[in-house]
>>> print(open('protein-v3.pdb').read())   # PDB, C-alpha atoms, pLDDT in the B column
ATOM      1  CA  MET A  21      93.508  77.318  81.246  1.00 96.00           C
ATOM      2  CA  ILE A  22      91.597  74.166  80.320  1.00 98.00           C
ATOM      3  CA  ASP A  23      91.252  71.203  82.670  1.00 98.00           C
ATOM      4  CA  LEU A  24      91.108  68.031  80.580  1.00 98.00           C
ATOM      5  CA  TYR A  25      89.695  64.901  82.190  1.00 98.00           C
ATOM      6  CA  SER A  26      90.658  62.027  79.955  1.00 98.00           C
ATOM      7  CA  ALA A  27      92.205  58.608  79.404  1.00 97.00           C
ATOM      8  CA  ALA A  28      94.265  56.909  76.701  1.00 96.00           C
ATOM      9  CA  THR A  29      91.420  56.158  74.287  1.00 96.00           C
ATOM     10  CA  PRO A  30      90.617  57.453  70.800  1.00 97.00           C
ATOM     11  CA  ASN A  31      87.937  59.771  72.178  1.00 98.00           C
ATOM     12  CA  GLY A  32      90.296  61.076  74.820  1.00 98.00           C
ATOM     13  CA  HIS A  33      93.111  61.632  72.358  1.00 98.00           C
ATOM     14  CA  LYS A  34      90.856  63.667  70.066  1.00 98.00           C
ATOM     15  CA  ILE A  35      90.847  66.421  72.670  1.00 98.00           C
ATOM     16  CA  SER A  36      94.498  66.341  73.662  1.00 98.00           C
ATOM     17  CA  ILE A  37      95.451  66.493  69.970  1.00 98.00           C
ATOM     18  CA  ALA A  38      93.141  69.468  69.405  1.00 98.00           C
ATOM     19  CA  LEU A  39      94.499  71.288  72.450  1.00 98.00           C
ATOM     20  CA  GLU A  40      98.049  70.728  71.231  1.00 98.00           C
ATOM     21  CA  GLU A  41      97.179  71.882  67.708  1.00 98.00           C
ATOM     22  CA  LEU A  42      95.524  75.005  69.093  1.00 98.00           C
ATOM     23  CA  ALA A  43      98.385  75.631  71.538  1.00 98.00           C
ATOM     24  CA  LEU A  44      95.870  76.129  74.338  1.00 98.00           C
ATOM     25  CA  PRO A  45      97.258  75.750  77.855  1.00 98.00           C
ATOM     26  CA  TYR A  46      95.703  72.793  79.639  1.00 98.00           C
ATOM     27  CA  GLN A  47      96.143  70.549  82.622  1.00 98.00           C
ATOM     28  CA  LEU A  48      95.628  66.836  82.100  1.00 98.00           C
ATOM     29  CA  HIS A  49      93.779  64.794  84.711  1.00 98.00           C
ATOM     30  CA  THR A  50      93.995  61.095  83.834  1.00 98.00           C
ATOM     31  CA  LEU A  51      91.069  58.955  84.974  1.00 97.00           C
ATOM     32  CA  ASP A  52      91.457  55.261  85.780  1.00 95.00           C
ATOM     33  CA  LEU A  53      88.618  53.747  83.784  1.00 94.00           C
ATOM     34  CA  LEU A  54      89.249  50.224  85.039  1.00 90.00           C
ATOM     35  CA  GLN A  55      88.731  51.472  88.592  1.00 92.00           C
ATOM     36  CA  GLY A  56      85.545  53.297  87.627  1.00 94.00           C
ATOM     37  CA  THR A  57      86.781  56.797  88.437  1.00 96.00           C
ATOM     38  CA  GLN A  58      84.509  58.124  85.694  1.00 96.00           C
ATOM     39  CA  LYS A  59      81.503  56.978  87.757  1.00 96.00           C
ATOM     40  CA  GLU A  60      82.400  58.890  90.888  1.00 97.00           C
ATOM     41  CA  PRO A  61      80.045  61.727  91.893  1.00 97.00           C
ATOM     42  CA  TRP A  62      82.572  64.514  91.338  1.00 97.00           C
ATOM     43  CA  PHE A  63      83.027  63.468  87.702  1.00 98.00           C
ATOM     44  CA  LEU A  64      79.335  62.847  87.097  1.00 98.00           C
ATOM     45  CA  ALA A  65      78.838  66.499  88.025  1.00 97.00           C
ATOM     46  CA  LEU A  66      80.930  67.322  84.936  1.00 97.00           C
ATOM     47  CA  ASN A  67      79.516  64.617  82.682  1.00 98.00           C
ATOM     48  CA  PRO A  68      76.278  62.939  83.814  1.00 98.00           C
ATOM     49  CA  ASN A  69      76.948  60.122  81.335  1.00 97.00           C
ATOM     50  CA  GLY A  70      80.086  59.058  83.176  1.00 97.00           C
ATOM     51  CA  ARG A  71      82.365  58.883  80.143  1.00 97.00           C
ATOM     52  CA  ILE A  72      85.590  60.591  79.186  1.00 98.00           C
ATOM     53  CA  PRO A  73      86.574  63.080  77.936  1.00 98.00           C
ATOM     54  CA  ALA A  74      85.323  66.217  79.634  1.00 98.00           C
ATOM     55  CA  ILE A  75      86.820  69.669  79.962  1.00 98.00           C
ATOM     56  CA  VAL A  76      86.431  72.602  82.299  1.00 98.00           C
ATOM     57  CA  ASP A  77      87.274  76.010  80.855  1.00 98.00           C
ATOM     58  CA  ARG A  78      88.536  78.022  83.798  1.00 97.00           C
ATOM     59  CA  ALA A  79      88.551  81.220  81.748  1.00 96.00           C
ATOM     60  CA  GLU A  80      84.786  80.894  81.176  1.00 98.00           C
ATOM     61  CA  ASP A  81      83.611  80.688  84.796  1.00 97.00           C
ATOM     62  CA  ASN A  82      84.596  77.006  85.035  1.00 98.00           C
ATOM     63  CA  PHE A  83      82.313  76.052  82.167  1.00 98.00           C
ATOM     64  CA  ALA A  84      82.187  72.260  81.685  1.00 98.00           C
ATOM     65  CA  VAL A  85      81.766  70.533  78.315  1.00 98.00           C
ATOM     66  CA  PHE A  86      81.375  66.783  77.739  1.00 98.00           C
ATOM     67  CA  GLU A  87      81.109  64.552  74.636  1.00 98.00           C
ATOM     68  CA  SER A  88      84.220  64.584  72.474  1.00 98.00           C
ATOM     69  CA  GLY A  89      82.513  66.013  69.388  1.00 98.00           C
ATOM     70  CA  ALA A  90      80.955  68.848  71.361  1.00 98.00           C
ATOM     71  CA  ILE A  91      84.311  69.607  72.981  1.00 98.00           C
ATOM     72  CA  LEU A  92      86.014  69.776  69.577  1.00 98.00           C
ATOM     73  CA  VAL A  93      83.389  72.215  68.290  1.00 98.00           C
ATOM     74  CA  TYR A  94      83.665  74.302  71.459  1.00 98.00           C
ATOM     75  CA  LEU A  95      87.451  74.558  71.168  1.00 98.00           C
ATOM     76  CA  ALA A  96      87.309  75.367  67.451  1.00 98.00           C
ATOM     77  CA  GLU A  97      84.739  78.106  67.987  1.00 97.00           C
ATOM     78  CA  LYS A  98      86.586  79.448  71.023  1.00 97.00           C
ATOM     79  CA  THR A  99      89.786  79.927  69.016  1.00 98.00           C
ATOM     80  CA  GLY A 100      88.448  80.495  65.506  1.00 97.00           C
ATOM     81  CA  ARG A 101      90.648  77.676  64.221  1.00 98.00           C
ATOM     82  CA  LEU A 102      90.275  74.140  62.860  1.00 98.00           C
ATOM     83  CA  MET A 103      86.811  74.981  61.502  1.00 98.00           C
ATOM     84  CA  PRO A 104      85.860  77.622  58.902  1.00 97.00           C
ATOM     85  CA  PRO A 105      83.579  80.486  60.001  1.00 95.00           C
ATOM     86  CA  ASP A 106      81.346  80.415  56.903  1.00 96.00           C
ATOM     87  CA  ALA A 107      78.195  78.294  56.857  1.00 97.00           C
ATOM     88  CA  LYS A 108      79.235  75.975  54.016  1.00 97.00           C
ATOM     89  CA  GLY A 109      82.731  75.403  55.345  1.00 97.00           C
ATOM     90  CA  ARG A 110      81.400  74.777  58.832  1.00 98.00           C
ATOM     91  CA  ALA A 111      78.837  72.305  57.491  1.00 98.00           C
ATOM     92  CA  GLN A 112      81.583  70.415  55.644  1.00 98.00           C
ATOM     93  CA  VAL A 113      83.547  69.999  58.849  1.00 98.00           C
ATOM     94  CA  LEU A 114      80.512  69.102  60.943  1.00 98.00           C
ATOM     95  CA  GLN A 115      79.231  66.441  58.571  1.00 98.00           C
ATOM     96  CA  TRP A 116      82.561  64.597  58.611  1.00 98.00           C
ATOM     97  CA  LEU A 117      82.771  65.042  62.364  1.00 98.00           C
ATOM     98  CA  MET A 118      79.289  63.515  62.708  1.00 98.00           C
ATOM     99  CA  PHE A 119      80.364  60.734  60.333  1.00 98.00           C
ATOM    100  CA  GLN A 120      82.946  59.761  62.928  1.00 98.00           C
ATOM    101  CA  MET A 121      80.684  60.271  65.926  1.00 98.00           C
ATOM    102  CA  GLY A 122      77.802  58.253  64.492  1.00 98.00           C
ATOM    103  CA  GLY A 123      79.698  55.738  62.369  1.00 98.00           C
ATOM    104  CA  VAL A 124      83.432  55.169  62.659  1.00 98.00           C
ATOM    105  CA  GLY A 125      83.632  55.406  66.452  1.00 98.00           C
ATOM    106  CA  PRO A 126      80.601  53.250  67.332  1.00 98.00           C
ATOM    107  CA  MET A 127      81.366  50.579  64.728  1.00 98.00           C
ATOM    108  CA  MET A 128      85.045  50.293  65.681  1.00 98.00           C
ATOM    109  CA  GLY A 129      84.092  50.358  69.333  1.00 97.00           C
ATOM    110  CA  GLN A 130      81.755  47.406  68.874  1.00 97.00           C
ATOM    111  CA  ALA A 131      84.381  45.610  66.783  1.00 97.00           C
ATOM    112  CA  ASN A 132      86.734  46.020  69.733  1.00 96.00           C
ATOM    113  CA  VAL A 133      84.184  44.578  72.148  1.00 96.00           C
ATOM    114  CA  PHE A 134      83.400  41.472  70.118  1.00 96.00           C
ATOM    115  CA  TYR A 135      86.865  40.925  68.613  1.00 96.00           C
ATOM    116  CA  ARG A 136      88.959  41.756  71.687  1.00 93.00           C
ATOM    117  CA  TYR A 137      87.023  41.773  74.898  1.00 91.00           C
ATOM    118  CA  PHE A 138      84.130  39.307  74.920  1.00 92.00           C
ATOM    119  CA  PRO A 139      85.222  35.936  76.367  1.00 89.00           C
ATOM    120  CA  GLU A 140      83.197  34.052  73.739  1.00 92.00           C
ATOM    121  CA  LYS A 141      83.807  34.712  70.050  1.00 93.00           C
ATOM    122  CA  ILE A 142      80.530  35.496  68.305  1.00 96.00           C
ATOM    123  CA  GLN A 143      81.733  35.404  64.729  1.00 97.00           C
ATOM    124  CA  SER A 144      78.605  36.924  63.200  1.00 98.00           C
ATOM    125  CA  ALA A 145      78.961  39.982  65.461  1.00 98.00           C
ATOM    126  CA  ILE A 146      82.691  40.263  64.743  1.00 98.00           C
ATOM    127  CA  ASP A 147      82.039  40.081  61.004  1.00 98.00           C
ATOM    128  CA  ARG A 148      79.246  42.643  61.249  1.00 98.00           C
ATOM    129  CA  TYR A 149      81.258  45.321  63.036  1.00 98.00           C
ATOM    130  CA  GLN A 150      84.559  44.719  61.294  1.00 98.00           C
ATOM    131  CA  GLY A 151      82.769  44.727  57.950  1.00 98.00           C
ATOM    132  CA  GLU A 152      80.943  47.970  58.661  1.00 98.00           C
ATOM    133  CA  SER A 153      84.149  49.595  59.906  1.00 98.00           C
ATOM    134  CA  ARG A 154      85.889  48.587  56.691  1.00 98.00           C
ATOM    135  CA  ARG A 155      82.982  49.973  54.637  1.00 98.00           C
ATOM    136  CA  LEU A 156      83.277  53.312  56.441  1.00 98.00           C
ATOM    137  CA  PHE A 157      87.021  53.297  55.779  1.00 98.00           C
ATOM    138  CA  GLY A 158      86.158  52.947  52.103  1.00 98.00           C
ATOM    139  CA  VAL A 159      83.974  56.055  52.313  1.00 98.00           C
ATOM    140  CA  LEU A 160      86.880  57.975  53.846  1.00 98.00           C
ATOM    141  CA  ASP A 161      89.290  56.661  51.218  1.00 98.00           C
ATOM    142  CA  ALA A 162      86.988  57.754  48.394  1.00 98.00           C
ATOM    143  CA  ARG A 163      86.740  61.245  49.883  1.00 98.00           C
ATOM    144  CA  LEU A 164      90.492  61.474  50.339  1.00 98.00           C
ATOM    145  CA  GLN A 165      91.210  60.430  46.761  1.00 98.00           C
ATOM    146  CA  GLU A 166      90.201  63.942  45.722  1.00 96.00           C
ATOM    147  CA  HIS A 167      90.912  65.934  48.887  1.00 98.00           C
ATOM    148  CA  GLU A 168      94.015  66.282  51.027  1.00 98.00           C
ATOM    149  CA  TYR A 169      91.848  66.478  54.133  1.00 98.00           C
ATOM    150  CA  LEU A 170      88.231  65.588  54.794  1.00 98.00           C
ATOM    151  CA  ALA A 171      86.713  69.077  54.744  1.00 97.00           C
ATOM    152  CA  GLY A 172      89.066  71.423  52.927  1.00 92.00           C
ATOM    153  CA  ASP A 173      91.837  72.458  55.293  1.00 97.00           C
ATOM    154  CA  TYR A 174      92.954  70.316  58.219  1.00 98.00           C
ATOM    155  CA  SER A 175      90.192  70.473  60.822  1.00 98.00           C
ATOM    156  CA  ILE A 176      88.571  68.910  63.853  1.00 98.00           C
ATOM    157  CA  ALA A 177      86.938  66.432  61.441  1.00 98.00           C
ATOM    158  CA  ASP A 178      90.363  65.041  60.565  1.00 98.00           C
ATOM    159  CA  ILE A 179      91.393  64.899  64.221  1.00 98.00           C
ATOM    160  CA  ALA A 180      88.247  63.011  65.238  1.00 98.00           C
ATOM    161  CA  ASN A 181      88.399  60.436  62.455  1.00 98.00           C
ATOM    162  CA  TRP A 182      92.155  59.964  62.651  1.00 98.00           C
ATOM    163  CA  ALA A 183      92.116  59.248  66.393  1.00 98.00           C
ATOM    164  CA  TRP A 184      89.967  56.196  65.656  1.00 98.00           C
ATOM    165  CA  VAL A 185      91.258  55.065  62.252  1.00 98.00           C
ATOM    166  CA  ARG A 186      94.848  54.898  63.476  1.00 98.00           C
ATOM    167  CA  THR A 187      93.747  52.109  65.882  1.00 97.00           C
ATOM    168  CA  HIS A 188      92.362  49.929  63.073  1.00 97.00           C
ATOM    169  CA  LYS A 189      94.616  46.965  63.905  1.00 96.00           C
ATOM    170  CA  TRP A 190      93.190  46.819  67.423  1.00 95.00           C
ATOM    171  CA  SER A 191      89.742  46.433  65.824  1.00 96.00           C
ATOM    172  CA  GLY A 192      91.043  43.770  63.427  1.00 97.00           C
ATOM    173  CA  VAL A 193      90.378  45.898  60.341  1.00 98.00           C
ATOM    174  CA  SER A 194      92.918  46.366  57.556  1.00 97.00           C
ATOM    175  CA  LEU A 195      93.748  49.461  55.520  1.00 98.00           C
ATOM    176  CA  ASP A 196      95.040  47.324  52.642  1.00 98.00           C
ATOM    177  CA  GLY A 197      93.745  48.589  49.316  1.00 98.00           C
ATOM    178  CA  LEU A 198      92.919  52.038  50.724  1.00 98.00           C
ATOM    179  CA  PRO A 199      95.966  54.070  49.647  1.00 98.00           C
ATOM    180  CA  SER A 200      94.421  57.509  50.080  1.00 98.00           C
ATOM    181  CA  LEU A 201      93.305  56.719  53.603  1.00 98.00           C
ATOM    182  CA  GLN A 202      96.768  55.344  54.413  1.00 98.00           C
ATOM    183  CA  ARG A 203      98.384  58.495  53.008  1.00 98.00           C
ATOM    184  CA  TRP A 204      96.148  60.643  55.214  1.00 98.00           C
ATOM    185  CA  VAL A 205      96.821  58.531  58.320  1.00 98.00           C
ATOM    186  CA  ASP A 206     100.570  58.839  57.794  1.00 98.00           C
ATOM    187  CA  ALA A 207     100.455  62.588  57.088  1.00 98.00           C
ATOM    188  CA  ILE A 208      98.495  63.374  60.231  1.00 98.00           C
ATOM    189  CA  ARG A 209     100.648  61.090  62.359  1.00 98.00           C
ATOM    190  CA  ALA A 210     103.683  63.154  61.291  1.00 98.00           C
ATOM    191  CA  ARG A 211     102.300  66.380  62.771  1.00 98.00           C
ATOM    192  CA  PRO A 212     104.219  67.385  65.941  1.00 98.00           C
ATOM    193  CA  ALA A 213     101.051  68.345  67.832  1.00 98.00           C
ATOM    194  CA  VAL A 214      99.511  64.965  67.020  1.00 98.00           C
ATOM    195  CA  GLN A 215     102.600  63.104  68.186  1.00 98.00           C
ATOM    196  CA  LYS A 216     102.426  64.952  71.495  1.00 98.00           C
ATOM    197  CA  GLY A 217      98.647  64.688  71.837  1.00 98.00           C
ATOM    198  CA  ILE A 218      98.544  60.885  71.636  1.00 97.00           C
ATOM    199  CA  LEU A 219     100.837  60.772  74.656  1.00 97.00           C
ATOM    200  CA  MET A 220      98.453  62.862  76.776  1.00 97.00           C
ATOM    201  CA  PRO A 221      97.977  60.446  78.361  1.00 96.00           C
ATOM    202  CA  ALA A 222     100.140  57.662  76.987  1.00 93.00           C
ATOM    203  CA  SER A 223      98.507  54.265  76.623  1.00 88.00           C
ATOM    204  CA  GLU A 224      99.755  51.182  78.408  1.00 79.00           C
ATOM    205  CA  ARG A 225      99.394  49.364  75.092  1.00 72.00           C
ATOM    206  CA  ASP A 226     100.245  50.492  71.562  1.00 76.00           C
ATOM    207  CA  LEU A 227      96.928  51.388  69.945  1.00 72.00           C
ATOM    208  CA  GLU A 228      98.446  50.948  66.502  1.00 73.00           C
ATOM    209  CA  LYS A 229      99.495  47.368  67.153  1.00 73.00           C
ATOM    210  CA  ALA A 230      97.366  44.336  67.833  1.00 68.00           C
ATOM    211  CA  GLU A 231      99.427  41.558  69.356  1.00 68.00           C
ATOM    212  CA  GLY A 232     101.838  40.820  72.178  1.00 64.00           C
ATOM    213  CA  GLU A 233     101.649  40.186  75.911  1.00 60.00           C
ATOM    214  CA  THR A 234     100.721  43.788  76.711  1.00 63.00           C
ATOM    215  CA  ALA A 235      97.784  43.620  74.319  1.00 63.00           C
ATOM    216  CA  ARG A 236      96.566  40.372  75.878  1.00 64.00           C
ATOM    217  CA  GLU A 237      96.857  41.752  79.402  1.00 65.00           C
ATOM    218  CA  PHE A 238      94.933  44.892  78.464  1.00 64.00           C
ATOM    219  CA  SER A 239      92.190  42.856  76.789  1.00 64.00           C
ATOM    220  CA  GLU A 240      91.775  40.810  79.959  1.00 66.00           C
ATOM    221  CA  LYS A 241      91.437  43.957  82.064  1.00 63.00           C
ATOM    222  CA  ALA A 242      88.889  45.427  79.652  1.00 65.00           C
ATOM    223  CA  ARG A 243      86.956  42.157  79.630  1.00 65.00           C
ATOM    224  CA  SER A 244      86.758  42.260  83.410  1.00 60.00           C
ATOM    225  CA  MET A 245      85.363  45.798  83.264  1.00 60.00           C
ATOM    226  CA  LEU A 246      82.702  44.733  80.757  1.00 61.00           C
ATOM    227  CA  GLU A 247      81.713  41.690  82.784  1.00 52.00           C
ATOM    228  CA  THR A 248      81.518  43.678  86.016  1.00 52.00           C
ATOM    229  CA  GLY A 249      79.520  46.417  84.347  1.00 51.00           C
ATOM    230  CA  GLN A 250      80.758  49.929  83.712  1.00 51.00           C
ATOM    231  CA  SER A 251      77.888  51.381  85.704  1.00 44.00           C
ATOM    232  CA  ALA A 252      78.545  49.268  88.790  1.00 44.00           C
ATOM    233  CA  LYS A 253      79.882  52.170  90.826  1.00 43.00           C
ATOM    234  CA  ARG A 254      77.237  54.629  89.755  1.00 36.00           C
TER     235      ARG A 254
END
>>> encode(input="protein-v3.pdb", output="structure tokens")
Amino acid sequence: MIDLYSAATPNGHKISIALEELALPYQLHTLDLLQGTQKEPWFLALNPNGRIPAIVDRAEDNFAVFESGAILVYLAEKTGRLMPPDAKGRAQVLQWLMFQMGGVGPMMGQANVFYRYFPEKIQSAIDRYQGESRRLFGVLDARLQEHEYLAGDYSIADIANWAWVRTHKWSGVSLDGLPSLQRWVDAIRARPAVQKGILMPASERDLEKAEGETAREFSEKARSMLETGQSAKR
């Protein structure tokens, strides 16, 4: 049994999707990020960085793993699935996983901050992070023009990138003119395990939509968390 400590964010949904795809039994523990639960001492014992997600593998002497990319690799290696065993195949998966960890996630995350959450609109910052996110989408689209998935067969690299790319409207970035990326987004969304994973936990706002009262209310809550400081309770 896996204990999953998570929230309804792209990084959190990476792990719930992977667990569903791998059919691993798990228990979800949803953390209230706006209340700073991730900064409480019991959780910092699992992840000193105070961020979700984290897992505890009960079958391995309660072994804890944090950082979403590291968790994906751990689960793939534990099961022998979603990542090839050979060196070249593994490297293909890991490089596209790192592409998400070092590029897509951070750039979209900063686009969210400046486009959605900051009270003042700093247009140069918005343009910078939306533009870089769109450039990275172009890299993915070019790869997917010649490959069904990012690294051969469907893998943790696809899960990691998809969990972020599907939220592109929230970041204010379009997929127009990127047909291969759109095809890939739609194909992965249709997978039953993915449909279940993005509801573990369900978000209070639709991550694939950008407008509406719910979106505005969530942005205000997130803005308050940023202004207060995420480390305030540490």
>>> atom_distance(input="protein-v3.pdb", atom1="atom CA of A:Asn82", atom2="atom CA of A:Pro68")
16.4 Å
>>> atom_distance(input="protein-v3.pdb", atom1="atom CA of A:Asp206", atom2="atom CA of A:Ser223")
19.5 Å
>>> atom_distance(input="protein-v3.pdb", atom1="atom CA of A:Ala38", atom2="atom CA of A:Thr99")
11.0 Å
>>> residues_around(input="protein-v3.pdb", residues="stretch 116-120 of chain A", least_positions_apart="2", cutoff="12 Å", atoms="only C-alpha atoms", output="MDAnalysis selection string")
chainID A and resid 30:31 34 88:93 102:103 109:114 122:129 153 156:157 159:160 163:164 169:172 174:185
>>> residues_near_point(input="protein-v3.pdb", point="(94.1, 43.9, 67.7)", cutoff="9 Å", atoms="only C-alpha atoms", output="ChimeraX atom specification")
/A:132,135-136,187-193,227-231,235
>>> resolve_selection(input="protein-v3.pdb", expression="the PyMOL selection byres ((chain A and resi 217) around 10)", output="ChimeraX atom specification")
/A:32-41,211-216,218-222
>>> resolve_selection(input="protein-v3.pdb", expression="the PyMOL selection byres ((chain A and resi 44-52) around 10)", output="PDB file with C-alpha atoms, keeping the file's coordinate frame")
ATOM      1  CA  MET A  21      93.508  77.318  81.246  1.00 96.00           C
ATOM      2  CA  ILE A  22      91.597  74.166  80.320  1.00 98.00           C
ATOM      3  CA  ASP A  23      91.252  71.203  82.670  1.00 98.00           C
ATOM      4  CA  LEU A  24      91.108  68.031  80.580  1.00 98.00           C
ATOM      5  CA  TYR A  25      89.695  64.901  82.190  1.00 98.00           C
ATOM      6  CA  SER A  26      90.658  62.027  79.955  1.00 98.00           C
ATOM      7  CA  ALA A  27      92.205  58.608  79.404  1.00 97.00           C
ATOM      8  CA  ALA A  28      94.265  56.909  76.701  1.00 96.00           C
ATOM      9  CA  GLY A  32      90.296  61.076  74.820  1.00 98.00           C
ATOM     10  CA  SER A  36      94.498  66.341  73.662  1.00 98.00           C
ATOM     11  CA  ALA A  38      93.141  69.468  69.405  1.00 98.00           C
ATOM     12  CA  LEU A  39      94.499  71.288  72.450  1.00 98.00           C
ATOM     13  CA  GLU A  40      98.049  70.728  71.231  1.00 98.00           C
ATOM     14  CA  GLU A  41      97.179  71.882  67.708  1.00 98.00           C
ATOM     15  CA  LEU A  42      95.524  75.005  69.093  1.00 98.00           C
ATOM     16  CA  ALA A  43      98.385  75.631  71.538  1.00 98.00           C
ATOM     17  CA  LEU A  53      88.618  53.747  83.784  1.00 94.00           C
ATOM     18  CA  LEU A  54      89.249  50.224  85.039  1.00 90.00           C
ATOM     19  CA  GLN A  55      88.731  51.472  88.592  1.00 92.00           C
ATOM     20  CA  GLY A  56      85.545  53.297  87.627  1.00 94.00           C
ATOM     21  CA  THR A  57      86.781  56.797  88.437  1.00 96.00           C
ATOM     22  CA  GLN A  58      84.509  58.124  85.694  1.00 96.00           C
ATOM     23  CA  PHE A  63      83.027  63.468  87.702  1.00 98.00           C
ATOM     24  CA  ARG A  71      82.365  58.883  80.143  1.00 97.00           C
ATOM     25  CA  ILE A  72      85.590  60.591  79.186  1.00 98.00           C
ATOM     26  CA  PRO A  73      86.574  63.080  77.936  1.00 98.00           C
ATOM     27  CA  ALA A  74      85.323  66.217  79.634  1.00 98.00           C
ATOM     28  CA  ILE A  75      86.820  69.669  79.962  1.00 98.00           C
ATOM     29  CA  VAL A  76      86.431  72.602  82.299  1.00 98.00           C
ATOM     30  CA  ASP A  77      87.274  76.010  80.855  1.00 98.00           C
ATOM     31  CA  ARG A  78      88.536  78.022  83.798  1.00 97.00           C
ATOM     32  CA  LEU A  95      87.451  74.558  71.168  1.00 98.00           C
ATOM     33  CA  THR A  99      89.786  79.927  69.016  1.00 98.00           C
ATOM     34  CA  MET A 220      98.453  62.862  76.776  1.00 97.00           C
ATOM     35  CA  PRO A 221      97.977  60.446  78.361  1.00 96.00           C
ATOM     36  CA  ALA A 222     100.140  57.662  76.987  1.00 93.00           C
TER      37      ALA A 222
END
